[in-house]
There are 2 protein chains.
Amino acid sequence: MAKSSAKKSAAKKPAAKGAASKGAASKPGRMIYYFGATRCDGDGTMKAIIGGKGANLAQMTKIGLPVPPGFTITTQMCIDYYTTGKKFPKGLEDDIAHYVKMLEKETGKKFGDPAKALLVSVRSGARDSMPGMMDTILNLGLNDKTVDGLQKATGNGRFAWDSYRRFIQMYGDVVMGVQKRHENEHDPFEEVMEHLKAEVKVHEDTDLTEENLHELVRRYQKLIKERTGKSFPQDPFEQLLGAIGAVFGSWMNERAIIYRRKYKIPDEWGTAVNVQSMVFGNMGDDCATGVAFTRDPATGEDVFYGEYLINAQGEDVVAGVRTPKPVVEMANDPEFASTYKQLEKVREKLEKKFGDVQDFEFTVEKKKLYMLQTRNGKRTALAYVKIAHDMVKQKLMTPEHAIQSADPDALSQLLAPIFDRADYEKAQKSSNLLTTGLAAGPGAATGLLVFSAAKAEELAEKGKKVVLARVETSPEDLRGMIAAEGILTSRGGVSSHAALVARQMGKVCVVGAGAISIDYAKGTLICGSTTLREGEDVSINGSTGEVFAGSIKTADSELKQVLVSNTMKPEDSEVYQYYAFIMKLADKYRKLGIRTNADTPEQVRHAIAFGAEGIGLTRTEHMFFEGDRIDAMREMILAETLDARREALAKLLPYQRDDFEGIFRALEGRPATIRFLDPPLHEFVPHDEKAQADLAKKLKLPVDLVHRRVEALHEFNPMLGHRGCRLGVSYPEISAMQARAVFEAAVKVQKDGIKVKPEIMIPLVGFKKELDNQLEIVHAVAAQVAKETGVKVKYLVGTMIEIPRGALTADEIAESAEFFSFGTNDLTQTCLGMSRDDMGSFLQKYTDLGIFKANPFASIDVTGVGSLMQTAVEKGRKTRPDIKLGICGEHGGDPHSVLFCHHLGLDYVSCSPFRLPVARLAAAQAALGKTY
Amino acid sequence: MAKSSAKKSAAKKPAAKGAASKGAASKPGRMIYYFGATRCDGDGTMKAIIGGKGANLAQMTKIGLPVPPGFTITTQMCIDYYTTGKKFPKGLEDDIAHYVKMLEKETGKKFGDPAKALLVSVRSGARDSMPGMMDTILNLGLNDKTVDGLQKATGNGRFAWDSYRRFIQMYGDVVMGVQKRHENEHDPFEEVMEHLKAEVKVHEDTDLTEENLHELVRRYQKLIKERTGKSFPQDPFEQLLGAIGAVFGSWMNERAIIYRRKYKIPDEWGTAVNVQSMVFGNMGDDCATGVAFTRDPATGEDVFYGEYLINAQGEDVVAGVRTPKPVVEMANDPEFASTYKQLEKVREKLEKKFGDVQDFEFTVEKKKLYMLQTRNGKRTALAYVKIAHDMVKQKLMTPEHAIQSADPDALSQLLAPIFDRADYEKAQKSSNLLTTGLAAGPGAATGLLVFSAAKAEELAEKGKKVVLARVETSPEDLRGMIAAEGILTSRGGVSSHAALVARQMGKVCVVGAGAISIDYAKGTLICGSTTLREGEDVSINGSTGEVFAGSIKTADSELKQVLVSNTMKPEDSEVYQYYAFIMKLADKYRKLGIRTNADTPEQVRHAIAFGAEGIGLTRTEHMFFEGDRIDAMREMILAETLDARREALAKLLPYQRDDFEGIFRALEGRPATIRFLDPPLHEFVPHDEKAQADLAKKLKLPVDLVHRRVEALHEFNPMLGHRGCRLGVSYPEISAMQARAVFEAAVKVQKDGIKVKPEIMIPLVGFKKELDNQLEIVHAVAAQVAKETGVKVKYLVGTMIEIPRGALTADEIAESAEFFSFGTNDLTQTCLGMSRDDMGSFLQKYTDLGIFKANPFASIDVTGVGSLMQTAVEKGRKTRPDIKLGICGEHGGDPHSVLFCHHLGLDYVSCSPFRLPVARLAAAQAALGKTY
């Protein structure tokens with residue numbers, strides 16, 4: 001599936017990202033969008049303007065779903081809030097007042113009216129969902145007077161006062177900043193409550209009487225006054241402005257920033273703010289709240305999936321404090337059976353309208369269903385391929401959306417190990433199987449048990465695999481969850497924070513394993529008679545929910561068994577079917593060619609199975625390390641005369657020729673980019689005395705000569721030293737040997753009727769004359785071999801563009817080079833003046849401070865390195881319009897970088913075999929217009 | 001003398017150099033320019049078209065000097081010769097034939113006519129003189145018949161046949177390639193002659209009879225036929241075409257290429273070819289040949305200088321085979337007294353017309369004077385300043401030419417050491433004074449005696465100082481002469497190859513020390529009873545011609561004594577007067593500001609004496625190595641907590657403040673660019689176990705902690721590691737300490753009524769956010785110090801542009817930076833991906849192959865690094881039109897790089913104190929239009 005035609009026309013100037021997104025977000029003037037029965041200003045396409053939540057609330061309103069009315073403040077207001085020094089943009093307050101009036105009119109309620117108080121929720125809503133990262137405030141509008149109105153309206157005094165004290169607590173914390181002042185302090189509101197509970201001698205919050213709650217409210221207000229010098233505001237409009245400001249402010253809190261770094265969401269997007277009239281799932285047993293997915297987001301099964309809690313607020317489900325019931329059980333609950341029927345219709349309507357699996361929140365207030373939110377459901381890679389496959393076939397999803405909605409990076413989850421069958425079955429039969437919780441993130445994880453995010457990070461940094469066990473998780477645990485192989489919680493359902501995050505990150509996850517009890521202080525996990533301590537082995541199966549003591553061997557994933565080890569037939573694997581469906585779709589759309597970095601025939605075969613259309617990088621030096629070859633290589637390096645070097649090279653020639661022959665055969669006619677010797681020679685010689693003595697003996701050389709030669713090869717900055725084509729220029733006989741190996745192998749394979757397309761790549765070229773020097777050797781050897789064998793081989797000679805000077809003089813270099821391949825690893829090192837091996841000492845700091853938007857060695861630094869690449873593309877094409885352009889740095893398998901390469905107009909990307917599916921999918925997304 | 005205004009308008013796009021020079025050279029169509037009494041096509045302005053020699057021959061013809069007629073083939077023909085694969089351009093042969101006819105007409109002679117044979121010389125002539133680098137052929141037109149004609153015309157058979165055999169020998173070698181085939185072989189023509197001499201039992205060439213020469217001609221022709229299979233051509237026109245082709249070919253011979261590399265003459269210029277009718281200085285004792293300078297090129301004295309040989313050809317003077325007589329002695333020789341008078345008039349006429357000292361060749365053929373060549377005389381730096389001073393005052397030279405004709409690099413000769421007075425006087429009185437030769441290159445050299453260029457190179461590479469002694473030198477010795485401190489020959493005069501090259505390179509040189517005898521085979525130099533062997537110390541005084549056994553202490557040059565050590569008063573030094581005259585002139589023209597790189601008050605004072613207008617780079621880290629400071633620095637580095645680090649920094653603060661105070665005072669109101677800590681921390685800590693143990697004891701730390709911390713600081717590529725602003729970002733408290741030291745020192749000095757202009761420079765910035773991070777610290781500290789002291793200090797904050805990303809994102813960085821200073825050392829390392837410390841292994845190879853036009857760390861790589869600088873200038877000015885731009889890499893003192901910086905539109909260059917005169921002169925040349 002060669003895609004290398006027509007993409008030259010696609011080569012457009014990559015636009016500055018900030019500018020583009022800004023353009024989309026700013027529709028100047030309009031600050032607020034209303035949604036309600038009387039009027040609905042927005043719709044589902046307006047995510048950039050009113051955020052994902054706001055757009056979907058408007059869309060649901062438009063298609064007649066029961067959405068409590070409200071309004072959305074645009075993301076632009078958040079951006080303006082920051083550019084004006086954390087002040088409300090001019091006119092916004094007036095506008096808010098205007099829309100509050102509109103809301104009062106539609107609901108027939110009024111801010112501060114004790115008889116019919118308007119209560120609202122205030123929630124963030126960024127363009128892309130950032131669940132749990134920013135602040136939320138509920139029950140806003142309650143004050144010393146309206147609390148009575150709520151009591152009268154619901155006939156439930158305890159409920160009204162409990163709502164009020166929750167609101168004060170939330171508001172005091174989030175808006176007024178009454179929080180614990182030291183790490184060791186308790187939350188000040190919790191402390192007040194604990195005191196009161198002790199005074200009135202009750203244990204549970206729920207045991208507090210209505211009168212106790214009156215007192216608690218009084219004490220909370222006193223606490224706020226003492227701490228802040230300000231009174232808790234009684235004016236609902238003042239409350240509202242405070243809450244909106246707090247949501248804006250939470251856009252820049254630490255965990256939101258960390259989340260954005262991880263998911264490459266720009267700081268410049270800002271969040272919208274949704275103000276919505278309150279409904280209550282906690283007014284009694286005919287009330288409920290729930291979170292549901294239109295399909296199973298872990299497995300992708302076409303089943304209604306989710307859970308609900310009776311007499312609860314939405315937050316209770318996500319917080320995982322109580323373990324809720326599966327949503328399908330509503331059907332059997334007389335109180336909610338009709339609501340369930342309604343929900344099933346909602347499920348159908350949502351998938352049809354939104355064209356994707358929806359993750360939605362609902363509340364039942366006195367048997368009446370309200371929709372509070374919907375969004376495309378985050379899902380595992382397994383669920384992604386199955387859902388995309390199913391929904392496209394069911395014509396519920398467009399094929400374009402199936403591609404566009406993928407997280408290409410997540411595809412590698414399909415290659416993540418599963419448990420080794422035998423070892424797993426043994427464990428299942430043993431007493432090691434402790435319990436079965438809820439399967440929340442498929443796959444197998446085995447590692448050291450840890451109970452804190454900090455410990456997880458600490459051990460992971462040392463290269464240990466860990467499983468993080470928590471009673472429940474919260475956003476503070478995010479880094480630890482990233483560090484862990486698997487996550488286990490004893491509380492919370494499949495919509496809990498742990499499950500949600502795990503699904504999104506592709507982590508193995510088991511939640512709500514109620515049989516286990518975790519004691520943080522003692523550092524123990526107890527299940528029945530088994531006690532596990534921190535640091536002991538534990539294993540979890542996120543596909544079944546099983547939890548095991550001890551470690552279990554892991555094995556190839558199903559996909560690997562089909563594609564790599566051939567231990568499973570394609571037709572026997574459903575996963576493979578879904579995967580193949582998506583890949584076929586991706587290949588239909590993508591314009592970029594896809595090649596692989598591979599050094600052995602075996603790697604080539606795997607890569608072809610994963611869709612490689614050729615080799616983008618063969619590192620010939622890797623071949624010199626095997627077996628006896630290293631001796632000949634060392635002999636060559638230690639040679640002091642040209643003749644001695646030639647003699648050693650003659651020994652290497654047959655090895656190298658065999659290597660190339662194997663690769664050419666495995667490629668079956670596909671092109672192979674072969675890079676000539678690149679690393680500095682000291683990488684091939686031993687540096688300790690013992691090994692040097694052995695080598696001297698083996699090569700029959702004086703020890704001190706070996707020592708002296710190795711010393712002479714020492715470099716202060718080997719990355720910038722005597723390597724790449726500088727070796728070939730210094731020792732032309734090495735290049736001649738490598739060229740001979742290529743051509744002799746090519747002739748041999750070609751004689752067997754197999755096409756061979758060698759593309760010889762000269763590394764580290766900064767000067768055209770370097771390339772010319774090497775080119776002369778290659779052409780001379782090619783002519784010699786043709787003369788000797790009578791067989792001509794067609795070949796290309798090109799260069800890596802991997803130092804700035806190469807990019808800057810690409811017009812000169814293209815006079816000689818038939819292709820360029822961007823070596824973005826070295827290009828990043830030189831463009832940024834940063835050694836990848838040495839940046840560990842400041843990488844974290846640079847990421848935290850936002851100096852790096854992403855690790856530049858993982859994802860191309862578009863502004864810096866990208867501009868060099870653009871210069872090289874423009875200058876190269878100017879000299880040689882049909883020059884072949886590719887990338888072979890590790891960035892070739894990074895989706896963000898693949899998008900950039902597409903828009904830069906490259907012909908192909910090349911990456912390691914297992915990243916090929918990721919690259920194919922990202923290339924298709926790019927062709928469908930996704931930008932970097 | 002602030003020059004920082006108006007140069008923004010000078011900021012023009014540096015044009016591609018090749019294109020510009022090409023444009024000037026190609027006047028399509030015209031291939032040949034004639035010069036003679038009947039017609040003269042060229043003139044002195046046409047050097048680019050007909051080469052320096054051709055232009056000046058035409059010019060001399062025009063002003064009525066007696067020039068033998070001839071014609072010049074353009075440089076463009078040479079360029080075309082190479083682009084068409086070493087073939088004569090179309091039409092050139094016909095054109096040559098046409099001009100030969102014209103020459104025959106003017107001279108009344110004819111090619112091949114035995115009665116009146118036209119004989120010509122064929123010589124190269126590049127735009128800039130490249131003496132001795134290319135081939136020359138004399139007596140062309142002689143054949144078996146015309147030799148008889150010559151005999152009849154001159155009545156001198158021996159002369160005619162000797163001329164013929166010389167021509168055959170030269171032609172056979174240069175055109176037909178009959179040369180020695182191995183290093184150890186003798187020249188084949190010499191061998192034939194030696195055989196003959198043995199047969200006829202004579203010792204000297206001159207003892208061969210006319211008959212012997214007949215035989216020799218026969219044997220030479222036989223040799224050519226045997227070796228080449230071709231006969232020596234009898235047709236003069238065929239001879240001519242062969243000779244012209246050989247001259248074209250010699251443009252690309254190895255020694256010409258090496259010479260061009262050294263003097264940065266582009267390969268693309270090509271050479272012209274001059275075909276001129278022969279005159280003979282060797283027809284008898286009323287004939288002579290000579291080389292003269294209109295003034296002394298070694299000292300600049302206004303005296304007629306040069307030498308002549310009676311009955312000789314011009315080549316004999318340069319070759320140094322016979323030691324000639326001073327030209328002024330002609331006046332006393334009855335045979336040549338009238339010619340001398342004529343020569344004195346020529347001397348006057350030449351200086352007047354050419355406006356500079358002329359170096360000319362003449363021949364006297366039977367008492368008649370002929371001018372064969374003139375060119376601006378190469379001279380020592382001492383001669384340069386004196387001649388420029390004198391001739392401008394005499395109104396013989398324009399001030400612009402005085403500046404333009406300088407070789408700025410050579411100025412550093414004026415700073416080269418002279419002999420220590422006491423030690424020198426002692427040596428003069430001792431038996432160590434061996435002899436006095438001809439003073440040919442002023443200055444004092446002392447070093448190890450060597451007899452071969454190879455040995456000179458070998459020892460110089462090991463850091464030894466050597467004096468190269470040869471009987472005479474030839475172009476093959478060039479590299480050795482470059483490597484040597486001084487050059488000594490036993491034969492040859494002040495126009496010999498050795499003298500000429502030494503003057504041009506500013507090498508100390510004594511020639512024609514006839515009392516010494518050098519035996520290459522034995523490796524000895526004998527003078528009287530003294531025998532010196534290779535490797536023993538020898539000293540020469542190139543200002544007096546003295547040769548000493550043993551070493552003599554050296555001392556500061558006169559200029560240094562005036563400007564640096566203040567041991568001599570300006571009014572007592574003539575050299576200083578000339579120097580000051582030139583510098584004043586340079587400062588009048590230059591637009592670039594001139595700053596210095598200096599780290600101590602003493603350096604600052606020296607720099608001001610040499611003309612610095614401020615500091616362009618103070619490396620604060622150098623200050624940390626002195627005395628006790630290194631302990632505090634190490635304590636800071638080894639600190640494991642912020643508090644411990646702050647404590648150590650507090651100890652460093654007073655030191656650093658004192659440093660800055662001293663510098664501010666020494667600057668007396670001039671600006672100071674202060675770079676914050678740059679090198680990686682491991683440069684400050686000890687790496688051997690013993691020193692680590694001592695340090696641990698001193699700082700009262702466990703040894704293993706010290707060891708561990710030092711280990712942790714190890715980096716694979718320190719150049720690309722944790723350094724520059726990365727340190728300041730990681731340890732903001734270091735930057736805060738440095739900022740405090742700057743501002744506290746500034747306040748203190750400012751209180752004393754001295755202006756202070758600190759310009760704080762953040763190193764290694766690649767991301768705007770890095771700079772912002774450091775800027776915040778600097779501004780905060782500035783405000784604190786102002787508050788504490790009540791004194792406000794005006795300051796700038798800017799950055800070094802020294803990694804490609806900094807240059808590429810200069811528009812972003814300029815939002816925060818008030819100035820840029822190009823750190824071209826690191827910018828070259830990163831742009832080229834080459835570590836300066838590690839390039840030794842391939843530098844020579846890269847230079848020889850022409851991959852490097854010049855060492856990129858000595859002279860800015862305009863194509864690569866220069867394009868990054870241009871991007872940074874354009875982007876920086878776009879964001880901040882008044883941004884201050886400078887350079888502080890070592891390139892700031894390289895003339896070629898200064899030219900580039902001027903045309904790039906920088907505000908200033910900064911270099912080490914002793915390079916300041918060079919930079920001032922180069923800046924003036926740039927302002928006068930000289931391009932890089």
# chains A, B, ... in the order shown; residues from 1 in each chain; ligands from 1
call {"tool": "residues_around", "arguments": {"residues": "Gly790 (chain A)", "least_positions_apart": "4", "cutoff": "12 Å", "atoms": "only C-alpha atoms", "output": "list in words"}}
result
Phe743, Glu744, Val747, Lys748, Gln750, Lys751, Ala782, Ala783, Gln784, Val785 and Ala786 of chain A
call {"tool": "interface_residues", "arguments": {"of": "chain A", "to": "chain B", "cutoff": "6 Å", "atoms": "only C-alpha atoms", "output": "ChimeraX atom specification"}}
result
/A:715,717,720-721,769,803-805,830-835,838,851,864
call {"tool": "residues_around", "arguments": {"residues": "Gly51 (chain B)", "least_positions_apart": "6", "cutoff": "8 Å", "atoms": "only C-alpha atoms", "output": "list in words"}}
result
Thr74, Thr75, Gly125, Ala126, Arg127, Asp128, Thr271 and Ala272 of chain B
call {"tool": "residues_around", "arguments": {"residues": "Arg30 (chain A)", "least_positions_apart": "5", "cutoff": "12 Å", "atoms": "only C-alpha atoms", "output": "NGL selection string"}}
result
:A and (25 or 41-42 or 49-50 or 72-77 or 89 or 91-92 or 95-96)
call {"tool": "atom_distance", "arguments": {"atom1": "CA of Val392 (chain A)", "atom2": "CA of Lys930 (chain A)"}}
result
19.8 Å
call {"tool": "residues_around", "arguments": {"residues": "region 361-376 of chain A", "least_positions_apart": "4", "cutoff": "6 Å", "atoms": "only C-alpha atoms", "output": "list of chain:residue names"}}
result
A:Pro66, A:Val67, A:Phe280, A:Gly281, A:Asp286, A:Cys287, A:Ala288, A:Thr289, A:Gly290, A:Val291, A:Val357
call {"tool": "residues_around", "arguments": {"residues": "Leu223 (chain B)", "least_positions_apart": "6", "cutoff": "10 Å", "atoms": "only C-alpha atoms", "output": "PyMOL selection string"}}
result
chain B and resi 172+178+188-189+192+217+229+231-232
call {"tool": "write_last_selection", "arguments": {"atoms": "C-alpha atoms", "output": "CSV table (one decimal), in the first residue's frame"}}
result
chain,number,residue,atom,x,y,z
B,172,GLY,CA,59.1,17.8,-19.8
B,178,VAL,CA,58.3,13.5,-16.6
B,188,PRO,CA,65.0,12.0,-14.0
B,189,PHE,CA,66.4,15.0,-15.9
B,192,VAL,CA,70.6,12.2,-17.1
B,217,VAL,CA,69.3,17.9,-25.4
B,229,GLY,CA,55.6,7.6,-25.6
B,231,SER,CA,58.0,13.2,-28.7
B,232,PHE,CA,58.9,16.5,-27.3
call {"tool": "residues_around", "arguments": {"residues": "Asp173 (chain A)", "least_positions_apart": "6", "cutoff": "12 Å", "atoms": "only C-alpha atoms", "output": "PDB file with N, CA, C and O atoms, in the first residue's frame"}}
result
ATOM      1  N   ASP A 135     -12.052  22.600  39.613  1.00  0.00           N
ATOM      2  CA  ASP A 135     -12.994  22.718  40.726  1.00  0.00           C
ATOM      3  C   ASP A 135     -14.458  22.746  40.271  1.00  0.00           C
ATOM      4  O   ASP A 135     -14.779  23.156  39.157  1.00  0.00           O
ATOM      5  N   THR A 136     -15.298  22.308  41.147  1.00  0.00           N
ATOM      6  CA  THR A 136     -16.745  22.255  40.939  1.00  0.00           C
ATOM      7  C   THR A 136     -17.410  22.748  42.213  1.00  0.00           C
ATOM      8  O   THR A 136     -16.945  22.449  43.315  1.00  0.00           O
ATOM      9  N   ILE A 137     -18.494  23.482  42.057  1.00  0.00           N
ATOM     10  CA  ILE A 137     -19.251  23.919  43.246  1.00  0.00           C
ATOM     11  C   ILE A 137     -20.726  23.645  43.029  1.00  0.00           C
ATOM     12  O   ILE A 137     -21.280  23.984  41.972  1.00  0.00           O
ATOM     13  N   ARG A 166     -22.654  21.403  53.215  1.00  0.00           N
ATOM     14  CA  ARG A 166     -21.747  20.925  52.154  1.00  0.00           C
ATOM     15  C   ARG A 166     -21.317  22.077  51.265  1.00  0.00           C
ATOM     16  O   ARG A 166     -20.152  22.198  50.864  1.00  0.00           O
ATOM     17  N   PHE A 167     -22.289  22.934  50.926  1.00  0.00           N
ATOM     18  CA  PHE A 167     -21.983  24.077  50.068  1.00  0.00           C
ATOM     19  C   PHE A 167     -20.968  25.006  50.732  1.00  0.00           C
ATOM     20  O   PHE A 167     -19.984  25.425  50.127  1.00  0.00           O
ATOM     21  N   GLN A 179      -8.106  26.047  53.760  1.00  0.00           N
ATOM     22  CA  GLN A 179      -7.567  24.696  53.565  1.00  0.00           C
ATOM     23  C   GLN A 179      -6.532  24.413  54.643  1.00  0.00           C
ATOM     24  O   GLN A 179      -6.130  25.311  55.370  1.00  0.00           O
ATOM     25  N   LYS A 180      -6.108  23.175  54.702  1.00  0.00           N
ATOM     26  CA  LYS A 180      -5.074  22.882  55.687  1.00  0.00           C
ATOM     27  C   LYS A 180      -3.793  23.615  55.308  1.00  0.00           C
ATOM     28  O   LYS A 180      -3.473  23.778  54.141  1.00  0.00           O
ATOM     29  N   ARG A 181      -3.093  24.094  56.359  1.00  0.00           N
ATOM     30  CA  ARG A 181      -1.941  24.946  56.116  1.00  0.00           C
ATOM     31  C   ARG A 181      -0.620  24.189  56.114  1.00  0.00           C
ATOM     32  O   ARG A 181       0.390  24.680  55.656  1.00  0.00           O
ATOM     33  N   ASP A 187      -8.023  18.575  57.388  1.00  0.00           N
ATOM     34  CA  ASP A 187      -8.852  19.562  56.721  1.00  0.00           C
ATOM     35  C   ASP A 187      -9.614  20.326  57.805  1.00  0.00           C
ATOM     36  O   ASP A 187     -10.235  19.723  58.682  1.00  0.00           O
ATOM     37  N   PRO A 188      -9.575  21.662  57.775  1.00  0.00           N
ATOM     38  CA  PRO A 188     -10.176  22.423  58.891  1.00  0.00           C
ATOM     39  C   PRO A 188     -11.686  22.194  59.043  1.00  0.00           C
ATOM     40  O   PRO A 188     -12.195  22.150  60.171  1.00  0.00           O
ATOM     41  N   PHE A 189     -12.402  22.038  57.942  1.00  0.00           N
ATOM     42  CA  PHE A 189     -13.855  21.775  58.052  1.00  0.00           C
ATOM     43  C   PHE A 189     -14.120  20.409  58.665  1.00  0.00           C
ATOM     44  O   PHE A 189     -14.988  20.241  59.507  1.00  0.00           O
ATOM     45  N   GLU A 190     -13.302  19.418  58.200  1.00  0.00           N
ATOM     46  CA  GLU A 190     -13.461  18.067  58.763  1.00  0.00           C
ATOM     47  C   GLU A 190     -13.205  18.090  60.264  1.00  0.00           C
ATOM     48  O   GLU A 190     -13.903  17.412  61.034  1.00  0.00           O
ATOM     49  N   TYR A 220     -18.997  26.470  60.821  1.00  0.00           N
ATOM     50  CA  TYR A 220     -18.308  26.602  59.528  1.00  0.00           C
ATOM     51  C   TYR A 220     -18.160  28.081  59.178  1.00  0.00           C
ATOM     52  O   TYR A 220     -17.107  28.541  58.733  1.00  0.00           O
ATOM     53  N   GLN A 221     -19.261  28.820  59.353  1.00  0.00           N
ATOM     54  CA  GLN A 221     -19.211  30.249  59.002  1.00  0.00           C
ATOM     55  C   GLN A 221     -18.210  30.976  59.901  1.00  0.00           C
ATOM     56  O   GLN A 221     -17.485  31.865  59.450  1.00  0.00           O
ATOM     57  N   LEU A 223     -15.571  29.608  61.290  1.00  0.00           N
ATOM     58  CA  LEU A 223     -14.232  29.200  60.829  1.00  0.00           C
ATOM     59  C   LEU A 223     -13.770  30.072  59.661  1.00  0.00           C
ATOM     60  O   LEU A 223     -12.630  30.553  59.611  1.00  0.00           O
ATOM     61  N   ILE A 224     -14.679  30.275  58.715  1.00  0.00           N
ATOM     62  CA  ILE A 224     -14.332  31.084  57.536  1.00  0.00           C
ATOM     63  C   ILE A 224     -13.964  32.503  57.946  1.00  0.00           C
ATOM     64  O   ILE A 224     -12.970  33.073  57.495  1.00  0.00           O
ATOM     65  N   ARG A 227     -10.588  32.556  59.689  1.00  0.00           N
ATOM     66  CA  ARG A 227      -9.453  32.279  58.819  1.00  0.00           C
ATOM     67  C   ARG A 227      -9.221  33.383  57.784  1.00  0.00           C
ATOM     68  O   ARG A 227      -8.084  33.689  57.436  1.00  0.00           O
ATOM     69  N   THR A 228     -10.311  33.925  57.236  1.00  0.00           N
ATOM     70  CA  THR A 228     -10.144  34.832  56.092  1.00  0.00           C
ATOM     71  C   THR A 228     -10.425  36.283  56.456  1.00  0.00           C
ATOM     72  O   THR A 228     -10.131  37.182  55.664  1.00  0.00           O
ATOM     73  N   PHE A 232     -18.736  34.504  55.155  1.00  0.00           N
ATOM     74  CA  PHE A 232     -19.257  33.688  54.070  1.00  0.00           C
ATOM     75  C   PHE A 232     -20.338  34.503  53.375  1.00  0.00           C
ATOM     76  O   PHE A 232     -21.262  34.990  54.025  1.00  0.00           O
ATOM     77  N   GLY A 242     -17.730  34.576  42.764  1.00  0.00           N
ATOM     78  CA  GLY A 242     -16.598  33.921  43.432  1.00  0.00           C
ATOM     79  C   GLY A 242     -16.339  32.537  42.863  1.00  0.00           C
ATOM     80  O   GLY A 242     -15.191  32.151  42.598  1.00  0.00           O
ATOM     81  N   ALA A 243     -17.416  31.804  42.646  1.00  0.00           N
ATOM     82  CA  ALA A 243     -17.267  30.423  42.157  1.00  0.00           C
ATOM     83  C   ALA A 243     -16.708  30.409  40.739  1.00  0.00           C
ATOM     84  O   ALA A 243     -15.849  29.585  40.403  1.00  0.00           O
ATOM     85  N   ALA A 246     -13.103  31.056  40.817  1.00  0.00           N
ATOM     86  CA  ALA A 246     -12.360  29.892  41.322  1.00  0.00           C
ATOM     87  C   ALA A 246     -12.186  28.843  40.236  1.00  0.00           C
ATOM     88  O   ALA A 246     -11.130  28.211  40.126  1.00  0.00           O
TER      89      ALA A 246
END
call {"tool": "closest_residue", "arguments": {"among": "B:Leu592, B:Lys352, B:Lys522, B:Ala609", "to": "Asn566 (chain B)", "atoms": "only C-alpha atoms"}}
result
B:Ala609
call {"tool": "select_by_dssp", "arguments": {"residues": "region 236-285 of chain A", "states": "alpha helix (DSSP H)", "output": "count of residues only"}}
result
25
call {"tool": "atom_distance", "arguments": {"atom1": "CA of Phe451 (chain B)", "atom2": "CA of Ala515 (chain B)"}}
result
16.7 Å
call {"tool": "atom_distance", "arguments": {"atom1": "CA of Glu640 (chain B)", "atom2": "CA of His682 (chain B)"}}
result
15.1 Å
call {"tool": "select_by_dssp", "arguments": {"residues": "region 269-351 of chain A", "states": "strand (DSSP E or B)", "output": "list in words"}}
result
Thr271, Ala272, Val273, Asn274, Val275, Gln276, Ser277, Ala288, Thr289, Gly290, Val291, Ala292, Phe293, Tyr305, Gly306, Glu307, Tyr308, Leu309, Ile310, Lys325 and Pro326 of chain A
